[in-house]
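Engineer: Below is the file my_file-v6.tsv, with TSV, C-alpha atoms and all ligand atoms.
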```tsv
chain	number	residue	atom	x	y	z
A	297	MET	CA	-123.00	96.03	-23.56
A	298	LYS	CA	-121.22	92.94	-22.32
A	299	THR	CA	-121.73	92.07	-18.65
A	300	HIS	CA	-120.36	89.34	-16.44
A	301	SER	CA	-121.47	88.21	-12.99
A	302	LEU	CA	-119.29	86.72	-10.30
A	303	LEU	CA	-120.59	84.90	-7.26
A	304	MET	CA	-118.95	85.33	-3.87
A	305	PRO	CA	-115.60	86.75	-4.94
A	306	LEU	CA	-112.82	86.00	-2.43
A	307	ASP	CA	-109.52	87.77	-1.99
A	308	MET	CA	-107.23	85.15	-0.50
A	309	HIS	CA	-104.39	87.56	0.43
A	310	LEU	CA	-105.12	91.09	1.61
A	311	HIS	CA	-103.46	93.81	3.70
A	312	LEU	CA	-105.95	96.07	5.47
A	313	ARG	CA	-103.49	97.71	7.93
A	314	ASP	CA	-104.95	99.47	10.97
A	315	GLY	CA	-106.11	102.85	12.26
A	316	GLU	CA	-106.83	105.53	9.69
A	317	MET	CA	-105.55	103.42	6.79
A	318	LEU	CA	-107.92	100.59	7.72
A	319	GLN	CA	-110.82	103.06	7.79
A	320	ASN	CA	-109.82	104.29	4.36
A	321	VAL	CA	-109.38	100.95	2.57
A	322	ALA	CA	-111.63	98.33	4.24
A	323	LYS	CA	-114.85	99.11	2.37
A	324	LEU	CA	-113.09	99.04	-0.99
A	325	THR	CA	-112.78	95.29	-0.47
A	326	SER	CA	-115.88	94.53	1.59
A	327	TYR	CA	-118.07	96.14	-1.07
A	328	THR	CA	-117.27	93.60	-3.79
A	329	PHE	CA	-115.79	90.60	-1.96
A	330	SER	CA	-117.55	88.05	0.24
A	331	GLY	CA	-114.43	87.46	2.25
A	332	ALA	CA	-110.71	88.04	2.37
A	333	VAL	CA	-107.72	86.47	4.08
A	334	ILE	CA	-106.30	89.21	6.28
A	335	MET	CA	-102.54	89.43	6.62
A	336	PRO	CA	-101.14	89.80	10.15
A	337	ASN	CA	-98.09	91.99	9.42
A	338	LEU	CA	-99.12	94.90	11.61
A	339	VAL	CA	-96.69	96.57	14.02
A	340	PRO	CA	-96.54	94.63	16.32
A	341	PRO	CA	-97.62	91.54	14.35
A	342	VAL	CA	-100.93	89.84	15.15
A	343	LYS	CA	-100.01	86.80	17.25
A	344	THR	CA	-102.35	86.31	20.20
A	345	LYS	CA	-106.02	85.42	20.45
A	346	GLU	CA	-106.74	88.83	21.99
A	347	GLN	CA	-104.99	90.58	19.12
A	348	VAL	CA	-106.85	88.55	16.48
A	349	LEU	CA	-110.25	89.14	18.03
A	350	ALA	CA	-109.63	92.84	18.54
A	351	TYR	CA	-108.28	93.29	15.01
A	352	LYS	CA	-111.27	91.45	13.55
A	353	GLU	CA	-113.59	93.79	15.46
A	354	ARG	CA	-111.78	96.84	14.10
A	355	ILE	CA	-112.05	95.43	10.57
A	356	MET	CA	-115.77	94.69	10.91
A	357	SER	CA	-116.34	98.15	12.27
A	358	ALA	CA	-114.35	99.75	9.42
A	359	CYS	CA	-116.52	97.78	6.98
A	360	GLY	CA	-119.62	99.23	8.64
A	361	MET	CA	-120.59	96.01	10.38
A	362	GLU	CA	-120.39	97.11	13.98
A	363	ILE	CA	-122.60	94.47	15.53
A	364	GLN	CA	-121.03	91.56	17.38
A	365	GLU	CA	-120.88	88.53	15.17
A	366	ASP	CA	-123.24	86.32	17.20
A	367	GLU	CA	-125.88	89.05	17.42
A	368	PHE	CA	-125.35	89.59	13.74
A	369	ASP	CA	-126.05	85.93	12.96
A	370	GLU	CA	-129.20	85.99	15.07
A	371	ILE	CA	-130.55	89.03	13.28
A	372	PHE	CA	-129.90	87.46	9.93
A	373	GLU	CA	-131.40	84.14	10.98
A	374	GLU	CA	-134.58	85.90	12.11
A	375	GLU	CA	-134.86	87.55	8.75
A	376	GLY	CA	-134.17	84.30	6.97
A	377	LEU	CA	-130.96	85.63	5.40
A	378	SER	CA	-127.76	83.70	5.18
A	379	GLY	CA	-125.41	86.05	7.01
A	380	GLY	CA	-123.40	89.23	6.86
A	381	ASP	CA	-121.75	90.93	3.99
A	382	PHE	CA	-118.09	90.34	4.33
A	383	GLU	CA	-116.01	87.92	6.32
A	384	PRO	CA	-112.48	88.77	7.38
A	385	LEU	CA	-110.62	85.44	7.44
A	386	MET	CA	-108.05	86.08	10.12
A	387	THR	CA	-104.44	84.89	10.27
A	388	ILE	CA	-101.67	85.10	12.84
A	389	PHE	CA	-97.97	85.64	12.32
A	390	TYR	CA	-96.00	82.37	12.41
A	391	ASP	CA	-93.89	81.47	15.41
A	392	ASN	CA	-92.96	78.06	16.82
A	393	TYR	CA	-96.23	77.88	18.76
A	394	ASP	CA	-96.91	74.84	20.91
A	395	GLU	CA	-99.95	72.63	20.65
A	396	ASP	CA	-101.84	74.20	23.58
A	397	TYR	CA	-101.42	77.65	22.11
A	398	LEU	CA	-102.77	76.46	18.77
A	399	ASP	CA	-105.60	74.57	20.39
A	400	ASP	CA	-106.73	77.72	22.16
A	401	ILE	CA	-106.59	79.97	19.10
A	402	ARG	CA	-107.73	77.45	16.47
A	403	ASP	CA	-111.36	78.58	16.24
A	404	GLU	CA	-110.43	82.23	15.77
A	405	ILE	CA	-108.06	81.82	12.84
A	406	PHE	CA	-108.18	80.76	9.24
A	407	GLY	CA	-104.46	80.13	8.83
A	408	ILE	CA	-100.97	81.03	9.96
A	409	LYS	CA	-98.76	83.28	7.86
A	410	LEU	CA	-95.05	82.56	7.73
A	411	TYR	CA	-92.57	85.28	6.79
A	412	PRO	CA	-88.85	84.74	6.40
A	413	ALA	CA	-87.25	87.28	8.78
A	414	GLY	CA	-86.83	90.75	7.30
A	415	ILE	CA	-87.78	89.79	3.75
A	416	THR	CA	-90.80	92.09	3.29
A	417	THR	CA	-92.87	94.80	5.02
A	418	ASN	CA	-93.02	94.30	8.82
A	419	SER	CA	-91.52	90.80	8.77
A	420	GLU	CA	-88.60	91.40	11.13
A	421	GLY	CA	-89.96	88.87	13.65
A	422	GLY	CA	-90.23	86.12	11.03
A	423	VAL	CA	-88.38	82.82	10.67
A	424	ALA	CA	-84.59	83.25	10.51
A	425	SER	CA	-83.70	79.72	9.41
A	426	PHE	CA	-85.83	76.93	8.05
A	427	ASP	CA	-84.83	74.09	10.32
A	428	VAL	CA	-87.40	71.33	9.90
A	429	GLU	CA	-86.82	69.78	13.32
A	430	THR	CA	-87.26	73.13	15.10
A	431	MET	CA	-90.50	73.74	13.24
A	432	ARG	CA	-91.79	70.16	13.38
A	433	PRO	CA	-93.88	70.32	16.57
A	434	THR	CA	-95.74	73.42	15.35
A	435	LEU	CA	-96.23	72.27	11.78
A	436	GLU	CA	-97.36	68.78	12.81
A	437	ALA	CA	-99.85	70.26	15.26
A	438	MET	CA	-101.13	72.60	12.52
A	439	ALA	CA	-101.56	69.63	10.18
A	440	ARG	CA	-103.48	67.70	12.85
A	441	MET	CA	-105.74	70.69	13.54
A	442	ASP	CA	-106.13	71.42	9.82
A	443	ILE	CA	-104.64	74.92	10.07
A	444	PRO	CA	-103.18	75.95	6.71
A	445	LEU	CA	-99.69	77.45	6.46
A	446	LEU	CA	-99.50	80.53	4.22
A	447	VAL	CA	-95.98	81.43	3.13
A	448	HIS	CA	-94.16	84.45	1.75
A	449	GLY	CA	-91.61	82.42	-0.21
A	450	GLU	CA	-88.42	84.38	-0.82
A	451	THR	CA	-84.79	83.92	0.23
A	452	ASP	CA	-82.44	86.85	0.81
A	453	GLY	CA	-80.58	86.08	-2.43
A	454	PHE	CA	-80.38	88.13	-5.63
A	455	VAL	CA	-83.73	89.86	-6.01
A	456	MET	CA	-84.77	88.18	-9.29
A	457	ASP	CA	-83.83	84.72	-7.94
A	458	ARG	CA	-85.35	84.93	-4.45
A	459	GLU	CA	-88.57	83.10	-5.20
A	460	ALA	CA	-86.97	80.39	-7.34
A	461	GLU	CA	-84.38	79.81	-4.61
A	462	PHE	CA	-87.14	79.37	-2.06
A	463	MET	CA	-88.53	76.35	-3.95
A	464	SER	CA	-86.20	74.06	-1.98
A	465	VAL	CA	-87.83	75.28	1.24
A	466	TYR	CA	-91.30	74.57	-0.17
A	467	GLU	CA	-90.15	71.08	-1.16
A	468	LEU	CA	-88.71	70.47	2.30
A	469	LEU	CA	-91.95	71.56	3.96
A	470	ALA	CA	-94.24	69.75	1.49
A	471	MET	CA	-92.31	66.46	1.87
A	472	ASN	CA	-91.87	66.57	5.63
A	473	PHE	CA	-95.45	67.63	6.37
A	474	PRO	CA	-97.60	65.86	3.77
A	475	ASP	CA	-100.79	66.51	5.76
A	476	LEU	CA	-100.15	70.24	6.08
A	477	LYS	CA	-101.88	72.50	3.58
A	478	ILE	CA	-99.20	74.90	2.31
A	479	VAL	CA	-100.06	77.96	0.24
A	480	MET	CA	-97.33	79.64	-1.79
A	481	GLU	CA	-98.48	83.23	-1.53
A	482	HIS	CA	-98.31	85.72	-4.41
A	483	ILE	CA	-96.24	83.54	-6.74
A	484	THR	CA	-94.37	85.32	-9.53
A	485	THR	CA	-92.33	82.65	-11.31
A	486	LYS	CA	-92.61	79.67	-13.62
A	487	ALA	CA	-90.58	77.78	-10.99
A	488	ALA	CA	-93.44	78.18	-8.50
A	489	VAL	CA	-96.07	77.23	-11.07
A	490	ASP	CA	-94.13	74.04	-11.79
A	491	MET	CA	-94.18	73.11	-8.08
A	492	LEU	CA	-97.97	73.00	-8.01
A	493	ASP	CA	-98.25	69.67	-9.77
A	494	LYS	CA	-95.32	68.13	-7.89
A	495	TYR	CA	-96.79	68.04	-4.37
A	496	PRO	CA	-100.43	67.40	-3.55
A	497	ASN	CA	-100.32	69.67	-0.47
A	498	LEU	CA	-98.99	72.79	-2.26
A	499	TYR	CA	-101.34	75.53	-3.49
A	500	ALA	CA	-100.82	79.11	-4.64
A	501	THR	CA	-102.28	82.58	-4.78
A	502	ILE	CA	-101.63	84.99	-7.66
A	503	THR	CA	-102.09	88.79	-7.69
A	504	VAL	CA	-103.56	90.95	-10.44
A	505	GLN	CA	-100.33	92.79	-11.11
A	506	HIS	CA	-98.26	89.64	-11.63
A	507	LEU	CA	-100.68	88.50	-14.36
A	508	LEU	CA	-100.20	91.84	-16.12
A	509	ILE	CA	-96.72	93.21	-15.68
A	510	THR	CA	-93.07	92.15	-15.82
A	511	LEU	CA	-90.01	93.90	-14.43
A	512	ASP	CA	-90.10	96.01	-17.60
A	513	GLU	CA	-93.22	97.85	-16.46
A	514	VAL	CA	-91.65	98.47	-13.03
A	515	ALA	CA	-88.17	99.57	-14.00
A	516	GLY	CA	-87.73	99.34	-17.78
A	517	GLY	CA	-88.57	102.99	-18.35
A	518	MET	CA	-89.14	105.66	-15.72
A	519	LEU	CA	-89.23	103.92	-12.34
A	520	GLN	CA	-92.83	103.16	-11.30
A	521	PRO	CA	-93.02	103.08	-7.50
A	522	HIS	CA	-96.71	102.14	-7.48
A	523	LEU	CA	-95.87	98.88	-9.29
A	524	PHE	CA	-93.07	97.98	-6.89
A	525	CYS	CA	-93.92	95.07	-4.64
A	526	LYS	CA	-92.41	91.96	-3.16
A	527	PRO	CA	-91.86	89.59	-4.79
A	528	ILE	CA	-90.92	91.92	-7.65
A	529	ALA	CA	-92.52	91.24	-11.07
A	530	LYS	CA	-90.30	88.92	-13.11
A	531	ARG	CA	-89.71	87.89	-16.75
A	532	PRO	CA	-92.20	87.51	-19.63
A	533	GLU	CA	-91.97	83.70	-19.43
A	534	ASP	CA	-92.87	83.85	-15.74
A	535	ARG	CA	-95.91	86.01	-16.44
A	536	GLU	CA	-96.91	83.58	-19.21
A	537	ALA	CA	-96.77	80.64	-16.80
A	538	LEU	CA	-98.89	82.50	-14.23
A	539	LEU	CA	-101.41	83.59	-16.85
A	540	ASN	CA	-101.63	80.06	-18.19
A	541	VAL	CA	-102.70	78.53	-14.85
A	542	ALA	CA	-105.03	81.41	-13.94
A	543	LEU	CA	-106.81	81.57	-17.31
A	544	ASN	CA	-107.17	77.80	-17.45
A	545	ALA	CA	-108.64	77.60	-13.94
A	546	HIS	CA	-105.90	75.38	-12.53
A	547	PRO	CA	-107.67	74.00	-9.44
A	548	LYS	CA	-104.77	74.73	-7.07
A	549	VAL	CA	-104.55	78.41	-7.93
A	550	MET	CA	-106.55	81.16	-6.20
A	551	PHE	CA	-106.82	84.89	-6.55
A	552	GLY	CA	-105.05	86.79	-3.76
A	553	SER	CA	-104.68	90.47	-4.54
A	554	ASP	CA	-101.89	91.18	-2.05
A	555	SER	CA	-103.37	94.66	-2.21
A	556	ALA	CA	-100.90	96.44	0.06
A	557	PRO	CA	-101.68	100.11	0.70
A	558	HIS	CA	-98.91	102.50	1.69
A	559	PRO	CA	-99.35	106.27	1.93
A	560	GLN	CA	-98.22	108.19	-1.14
A	561	HIS	CA	-95.24	109.72	0.67
A	562	ALA	CA	-93.92	106.24	1.54
A	563	LYS	CA	-94.12	105.14	-2.11
A	564	GLU	CA	-92.93	108.31	-3.82
A	565	SER	CA	-89.80	108.69	-1.77
A	566	CYS	CA	-86.17	107.79	-1.53
A	567	GLY	CA	-86.64	104.22	-0.25
A	568	CYS	CA	-89.98	103.21	-1.75
A	569	ALA	CA	-92.15	100.88	0.37
A	570	ALA	CA	-93.09	97.58	-1.32
A	571	GLY	CA	-96.75	96.99	-2.14
A	572	VAL	CA	-99.24	97.60	-4.96
A	573	PHE	CA	-102.71	98.88	-4.05
A	574	THR	CA	-105.27	97.09	-6.21
A	575	ALA	CA	-108.31	96.58	-3.97
A	576	PRO	CA	-110.59	99.04	-5.82
A	577	ILE	CA	-109.76	97.81	-9.33
A	578	ALA	CA	-108.95	94.12	-8.96
A	579	LEU	CA	-112.20	92.56	-10.21
A	580	GLN	CA	-112.60	95.02	-13.08
A	581	VAL	CA	-109.05	94.42	-14.28
A	582	LEU	CA	-109.42	90.64	-13.97
A	583	CYS	CA	-112.62	90.76	-16.02
A	584	GLU	CA	-110.88	92.76	-18.71
A	585	LEU	CA	-107.92	90.37	-18.77
A	586	PHE	CA	-109.94	87.13	-18.81
A	587	ASP	CA	-112.25	88.59	-21.47
A	588	LYS	CA	-109.32	89.63	-23.64
A	589	HIS	CA	-108.15	86.00	-23.60
A	590	GLY	CA	-111.66	84.63	-24.21
A	591	ARG	CA	-111.68	82.94	-20.78
A	592	LEU	CA	-114.31	84.88	-18.83
A	593	ASP	CA	-115.96	81.58	-17.97
A	594	ASN	CA	-112.92	80.55	-15.96
A	595	LEU	CA	-112.82	83.69	-13.83
A	596	GLN	CA	-115.34	82.32	-11.32
A	597	SER	CA	-112.96	79.44	-10.48
A	598	PHE	CA	-110.03	81.79	-10.06
A	599	VAL	CA	-111.78	84.37	-7.88
A	600	SER	CA	-113.87	82.06	-5.70
A	601	ASP	CA	-114.59	78.42	-6.51
A	602	ASN	CA	-111.02	77.13	-6.25
A	603	ALA	CA	-110.55	78.80	-2.87
A	604	GLN	CA	-113.85	77.34	-1.66
A	605	SER	CA	-112.74	73.81	-2.57
A	606	ILE	CA	-109.15	74.15	-1.38
A	607	TYR	CA	-110.03	75.60	2.01
A	608	GLY	CA	-113.47	74.00	2.37
A	609	ILE	CA	-115.22	77.31	2.99
A	610	CYS	CA	-118.69	78.53	2.25
A	611	PRO	CA	-118.64	82.30	1.79
A	612	GLU	CA	-121.33	84.89	2.41
A	613	PHE	CA	-123.63	85.30	-0.59
A	614	LYS	CA	-122.75	88.12	-2.91
A	615	GLU	CA	-123.25	88.61	-6.61
A	616	VAL	CA	-121.13	91.18	-8.38
A	617	THR	CA	-122.03	92.22	-11.89
A	618	LEU	CA	-119.37	93.83	-14.02
A	619	VAL	CA	-119.93	95.64	-17.27
A	620	GLU	CA	-117.64	96.36	-20.20
A	621	GLN	CA	-117.75	100.09	-19.70
A	622	PRO	CA	-114.78	102.41	-19.15
A	623	PHE	CA	-113.84	103.24	-15.57
A	624	LYS	CA	-111.50	106.11	-14.83
A	625	VAL	CA	-109.41	105.02	-11.85
A	626	PRO	CA	-109.24	107.80	-9.23
A	627	ALA	CA	-105.83	109.40	-8.69
A	628	LYS	CA	-106.01	108.58	-4.99
A	629	TYR	CA	-108.10	106.85	-2.37
A	630	GLY	CA	-107.36	108.95	0.71
A	631	GLU	CA	-103.58	108.96	0.93
A	632	VAL	CA	-103.10	105.92	-1.28
A	633	VAL	CA	-102.38	105.83	-5.00
A	634	PRO	CA	-103.93	102.77	-6.68
A	635	MET	CA	-102.54	100.79	-9.61
A	636	TYR	CA	-103.63	102.50	-12.87
A	637	ALA	CA	-104.28	105.80	-11.03
A	638	GLY	CA	-105.76	108.34	-13.44
A	639	GLU	CA	-105.95	105.79	-16.27
A	640	THR	CA	-109.07	104.33	-17.82
A	641	ILE	CA	-109.70	100.60	-17.59
A	642	GLY	CA	-112.19	98.71	-19.73
A	643	TRP	CA	-114.60	97.24	-17.18
A	644	SER	CA	-116.60	98.69	-14.27
A	645	ILE	CA	-118.64	97.36	-11.37
A	646	GLU	CA	-122.30	97.62	-12.38
A	647	ASP	CA	-124.06	96.19	-9.37
A	648	VAL	CA	-123.54	94.26	-6.16
A	649	LEU	CA	-126.29	92.10	-4.69
A	701	LIG	C1	-96.70	93.65	1.56
A	701	LIG	C2	-97.03	94.77	2.54
A	701	LIG	O1	-96.84	95.93	2.19
A	701	LIG	O2	-97.46	94.47	3.65
A	701	LIG	N1	-95.89	94.18	0.51
A	701	LIG	C3	-95.66	93.63	-0.71
A	701	LIG	O3	-94.86	94.19	-1.46
A	701	LIG	N2	-96.27	92.54	-1.12
A	701	LIG	C4	-96.05	92.51	2.28
A	701	LIG	C5	-96.05	91.19	1.54
A	701	LIG	O4	-97.11	90.68	1.19
A	701	LIG	O5	-94.99	90.64	1.31
A	702	ZN	ZN	-95.63	88.67	1.03
A	703	ZN	ZN	-98.95	90.43	1.10
```
Can I see the file as C-alpha cells?
Structural biologist:
Amino acid sequence: MKTHSLLMPLDMHLHLRDGEMLQNVAKLTSYTFSGAVIMPNLVPPVKTKEQVLAYKERIMSACGMEIQEDEFDEIFEEEGLSGGDFEPLMTIFYDNYDEDYLDDIRDEIFGIKLYPAGITTNSEGGVASFDVETMRPTLEAMARMDIPLLVHGETDGFVMDREAEFMSVYELLAMNFPDLKIVMEHITTKAAVDMLDKYPNLYATITVQHLLITLDEVAGGMLQPHLFCKPIAKRPEDREALLNVALNAHPKVMFGSDSAPHPQHAKESCGCAAGVFTAPIALQVLCELFDKHGRLDNLQSFVSDNAQSIYGICPEFKEVTLVEQPFKVPAKYGEVVPMYAGETIGWSIEDVL
C-alpha cells in the first residue's frame, strides 16, 4: 500500500472560533498540523494584547495543552525534546494602529489580518476604503517591525469579479509598501496567481476546496451549502491556474485551509453562512490530489516548506504518515458538517509522530 510522509504540516489560514465550537474543532487541526495561523474574526474581533493572549490560552487548552507556554518549554527542555505539539500563530484584526500599539503587541502576534468592511463573516469592523495615506503610518510601521499583512482580497462588486477587482488594491499596497510582506489569502482566480510573479512582496495561500471545485460543484446542480465559502469557487481556468502553482511547488504559495466551521443549522438554512469545514480531511485530500497528478513530491513544499521560508519560521516537529487507504468521512463533527461528509476519500492518516 502506498504511503507518504509529511514533515511539520502547517495550515496558514484557519478559523477555530471560540467556546464550544473551539472545543469541538481545535484537536482536528492540532493532531496533524505543527502550527496554524489563527484568524481573528471572532465577535468582537481579536484586537488587543489581552484578547490575543487570552484567546491563545483558550486554544492551547482546547488542544489539550493546558500548561503555560514557558513552563511547557522548560519541561520539554529538561526532557531534551524540541517543544510542544501545536503552535497557534496568532493574528489581530487590522485597524489603523499606531506605532506604540504595534510595538507593544509585536511579540504576541504572527501577523495582522485585514478585512474589507462587511465582505465576509464577522468583518463589519474592517477597512471601509483603501486610502493609502490613511493606512501609511500603520503599514510602514508593520514593515519596519516585520509584521506581515494578511488580506481577504474582495471588493463589493459582482460576486464572480470581486477578487479580480481587488487586484488593483493589492498592486497599490505592494507598490507603496515594498518592504511589507503581503499575503493574498485564499486566492481563487488566475488573476491572483498572475500577481504573484509581478511583485516580490506578494504571497498567497490556497485552500483545498479551491484546488478541487468550481462554481459548478457549488451551484451547478442542487445547491451545496457545505461548499459555499468566500471567495466563492470560480471558473475551470481559475482552478487550473491554482492547481498549476500548487502542484509545481511555486515558492510563493502556501497551503491555508480556511477551514471555517459553522453549525449545521447556519449552513442548511435560508441565508447560508459562508465557510467550508475541511480541517479533518485536508491532508488526506491533498495527498490524493497530488498523487493523482504524480506530484506527491511537491506536497511537502506546499504544506510546510514554502511557509517556513516565506515567514522564516521553524515549526514544532511532527511527522504525519498518510496511506492510500479509503477513509469514510464522518457525517458530522459535533454540530459541523465537513466537506465530503459521508463520502469515501482515497487516503487516510496512518500515523502521527
Ligand atoms: C470565513 C469564516 O467563516 O470565518 N468564511 C469563508 O467563507 N471563508 C471568513 C473568511 O475567511 O473570509
Ligand atoms: Zn477570508
Ligand atoms: Zn478565512
Engineer: Could the centre and edge lengths of an axis-aligned box, enclosing all atoms of segment 354-360 of chain A in the file with 4 Å extra on each side, be given in Å to one decimal as AutoDock Vina command-line options?
Structural biologist:
```
--center_x -115.7 --center_y 97.2 --center_z 10.5 --size_x 15.8 --size_y 13.1 --size_z 15.1
```
Engineer: Throw together the list of residues within 10 Å of ligand LIG 701 (chain A), counting all atoms listed in the file, and drop it here as a count of residues only.
Structural biologist: 40
Engineer: Please identify all polymer residues within 9 Å of segment 430-440 of chain A, counting only C-alpha atoms, omitting same-chain residues fewer than 3 positions from it, and present them as a ChimeraX atom specification.
Structural biologist: /A:391-395,398-399,408,426-427,443-445,469,472-477
Engineer: Atom CA of Glu615 of chain A and atom CA of Ile502 of chain A are how many Å apart?
Structural biologist: 21.9 Å
Engineer: If you measure from atom CA of Leu385 of chain A to atom CA of Gly331 of chain A, what distance in Å do you get, rounded to one decimal?
Structural biologist: 6.7 Å
Engineer: Nearest residue to ligand ZN 702 (chain A) out of A:Ile483, A:Met317, A:Met297, A:Met386, using all atoms listed in the file?
Structural biologist: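 Among the listed residues, A:Ile483 lies closest to ligand ZN 702 (chain A).
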Engineer: For a cut-off of 9 Å around (-113.6, 103.9, 2.4), file coordinates, pick out all residues using all atoms listed in the file and list them as a ChimeraX atom specification.
Structural biologist: /A:318-324,358-359,629-630
Engineer: Rank A:Arg531, A:Gly517, A:Ala537, A:Pro340 by their smallest atom-to-atom distance to Val489 of chain A, using only C-alpha atoms, and report the top residue only.
Structural biologist: A:Ala537
Engineer: Please report the interatomic distance between atom CA of Val333 of chain A and atom CA of Pro384 of chain A in Å with one decimal.
Structural biologist: 6.2 Å
